[in-house]
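*Asks:* Contents of structure-v2.csv (CSV, C-alpha atoms) are given next:
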chain,number,residue,atom,x,y,z
A,1,MET,CA,0.0,0.0,0.0
A,2,ASN,CA,1.4,3.4,-1.0
A,3,PRO,CA,1.6,6.3,1.5
A,4,GLU,CA,-1.3,8.1,-0.2
A,5,GLN,CA,-3.6,5.1,0.4
A,6,GLN,CA,-2.5,4.8,4.0
A,7,ALA,CA,-3.3,8.5,4.6
A,8,VAL,CA,-6.7,8.1,3.1
A,9,GLU,CA,-7.4,5.0,5.2
A,10,LYS,CA,-6.2,6.6,8.4
A,11,ALA,CA,-8.4,9.6,7.7
A,12,PHE,CA,-11.6,7.5,7.2
A,13,GLN,CA,-11.0,5.0,10.0
A,14,PRO,CA,-12.9,6.9,12.7
A,15,LEU,CA,-15.9,7.1,10.3
A,16,ILE,CA,-15.8,3.3,9.7
A,17,ASP,CA,-15.5,2.6,13.4
A,18,ALA,CA,-18.3,5.0,14.3
A,19,LYS,CA,-20.7,3.2,12.0
A,20,GLY,CA,-20.0,-0.1,13.8
A,21,LYS,CA,-20.7,1.5,17.1
A,22,ARG,CA,-24.0,3.0,15.8
A,23,LYS,CA,-25.3,-0.4,14.9
A,24,LEU,CA,-27.9,-1.9,17.3
A,25,SER,CA,-28.2,-5.5,18.1
A,26,ILE,CA,-31.7,-6.2,19.4
A,27,ARG,CA,-33.1,-9.4,20.9
A,28,VAL,CA,-36.9,-9.8,20.5
A,29,THR,CA,-39.0,-12.4,22.2
A,30,ASP,CA,-42.7,-12.9,22.8
A,31,LEU,CA,-41.9,-14.7,26.0
A,32,LYS,CA,-43.3,-18.0,24.6
A,33,GLU,CA,-41.9,-19.6,21.4
A,34,PHE,CA,-40.6,-16.7,19.3
A,35,ASP,CA,-37.0,-15.5,20.0
A,36,GLU,CA,-34.8,-13.7,17.4
A,37,THR,CA,-31.8,-11.4,17.4
A,38,LYS,CA,-31.4,-8.8,14.7
A,39,GLU,CA,-28.9,-6.0,13.8
A,40,GLY,CA,-29.6,-2.6,12.2
A,41,LEU,CA,-29.2,1.1,12.6
A,42,SER,CA,-32.7,2.0,13.5
A,43,PHE,CA,-34.8,0.5,16.4
A,44,LYS,CA,-38.1,1.2,14.6
A,45,LYS,CA,-37.0,-0.4,11.3
A,46,ILE,CA,-35.8,-3.6,13.1
A,47,ILE,CA,-39.2,-3.9,14.9
A,48,LYS,CA,-41.2,-3.2,11.8
A,49,GLY,CA,-39.1,-5.8,9.9
A,50,LEU,CA,-39.8,-8.5,12.5
A,51,GLN,CA,-43.6,-7.8,12.8
A,52,SER,CA,-44.5,-10.0,9.9
A,53,SER,CA,-42.6,-13.0,11.3
A,54,LEU,CA,-44.3,-12.8,14.7
A,55,PRO,CA,-46.8,-15.5,15.7
A,56,LYS,CA,-50.5,-14.6,15.0
A,57,GLY,CA,-52.2,-12.8,17.9
A,58,THR,CA,-49.0,-11.3,19.4
A,59,THR,CA,-49.8,-7.9,20.9
A,60,GLU,CA,-46.5,-7.2,22.8
A,61,VAL,CA,-42.9,-8.3,22.5
A,62,SER,CA,-40.0,-8.1,25.0
A,63,VAL,CA,-37.0,-6.2,23.6
A,64,GLU,CA,-33.5,-6.3,25.0
A,65,TYR,CA,-30.6,-4.2,23.6
A,66,THR,CA,-27.7,-2.0,24.5
A,67,ASN,CA,-28.3,1.6,23.5
A,68,ARG,CA,-25.7,3.9,21.9
A,69,LYS,CA,-24.6,5.3,25.3
A,70,GLY,CA,-23.9,1.7,26.4
A,71,ASN,CA,-26.8,1.2,28.8
A,72,LYS,CA,-28.7,-2.1,28.8
A,73,VAL,CA,-32.4,-1.6,28.0
A,74,SER,CA,-35.1,-4.2,28.5
A,75,ARG,CA,-38.7,-3.2,27.8
A,76,MET,CA,-42.0,-4.3,26.3
A,77,VAL,CA,-43.1,-2.9,22.9
A,78,LYS,CA,-46.6,-3.0,21.6
A,79,VAL,CA,-47.0,-4.4,18.1
A,80,PRO,CA,-48.0,-3.7,15.4
A,81,LEU,CA,-45.8,-0.6,15.3
A,82,GLY,CA,-46.5,1.9,12.6
A,83,ARG,CA,-49.3,4.2,11.3
A,84,LYS,CA,-52.7,2.9,12.3
A,85,LYS,CA,-54.3,4.2,9.2
A,86,LYS,CA,-52.0,2.1,7.0
A,87,LEU,CA,-52.0,-1.0,9.2
A,88,SER,CA,-55.8,-1.5,9.0
A,89,ARG,CA,-55.7,-1.9,5.2
For this file, write the structure as structure tokens.
*Replies:*
Amino acid sequence: MNPEQQAVEKAFQPLIDAKGKRKLSIRVTDLKEFDETKEGLSFKKIIKGLQSSLPKGTTEVSVEYTNRKGNKVSRMVKVPLGRKKKLSR
């Protein structure tokens, strides 16, 4: 690798590392038979993506993840998540 490429890589390394830190790893379970872990940049997009694979009749899911500040979060989320007007179609 020539010195110019090394300089460019060194300059962009913090941006590459920051994107890895921004990624969320979320564990979703319905406290019965469904249990899945997904990764993504947005909490809402991850939950919306999992909604279709949840068992029929599920109204709440348990969510565990580490937020971007490094704190462990465990809470219940009501599903379906999204615009009520669009969901009833």
*Asks:* Tell me which protein, DNA and RNA residues are within 9 Å of Pro80 of chain A, counting all atoms listed in the file, leaving out same-chain ones fewer than 5 positions away, and put them as a list in words.
*Replies:*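 With the cut-off at 9 Å, the set is Ile47, Lys48, Gln51, Thr58, Thr59, Glu60 and Leu87 of chain A.
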*Asks:* What is the distance, in Å and to one decimal place, between atom CA of Glu36 of chain A and atom CA of Gly49 of chain A?
*Replies:* 11.7 Å
*Asks:* Distance atom CA of Arg68 of chain A-atom CA of Lys84 of chain A, one decimal place?
*Replies:*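 It comes out at 28.7 Å.
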*Asks:* Measuring between all atoms listed in the file, which one of A:Ile46, A:Val61, A:Leu41, A:Val8 shows the shortest distance to Ser74 of chain A?
*Replies:*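 Going through A:Ile46, A:Val61, A:Leu41, A:Val8 one by one, the smallest distance to Ser74 of chain A is for A:Val61.
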*Asks:* So, with only C-alpha atoms as the atoms that count, which of A:Pro55, A:Phe43, A:Tyr65, A:Ala11 lies closest to Ile26 of chain A?
*Replies:*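 Smallest distance to Ile26 of chain A is found for A:Tyr65.
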*Asks:* Could you please determine the separation between atom CA of Gln6 of chain A and atom CA of Lys23 of chain A in Å, to one decimal place?
*Replies:* 25.8 Å
*Asks:* Rank A:Arg22, A:Lys10, A:Lys32, A:Lys38 by their smallest atom-to-atom distance to Asn67 of chain A, using all atoms listed in the file, and report the top residue only.
*Replies:* A:Arg22
*Asks:* Compile the contact shell of Arg75 of chain A as an MDAnalysis selection string: residues with an atom at most 8 Å away, counting all atoms listed in the file, same-chain residues fewer than 3 positions apart removed.
*Replies:* chainID A and resid 62:64
*Asks:* For a quick check of understanding, using only C-alpha atoms, which of A:Gly70, A:Gly82, A:Val77, A:Lys56 has the smallest distance to Thr29 of chain A?
*Replies:*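 Comparing A:Gly70, A:Gly82, A:Val77, A:Lys56 against Thr29 of chain A, the winner is A:Val77.
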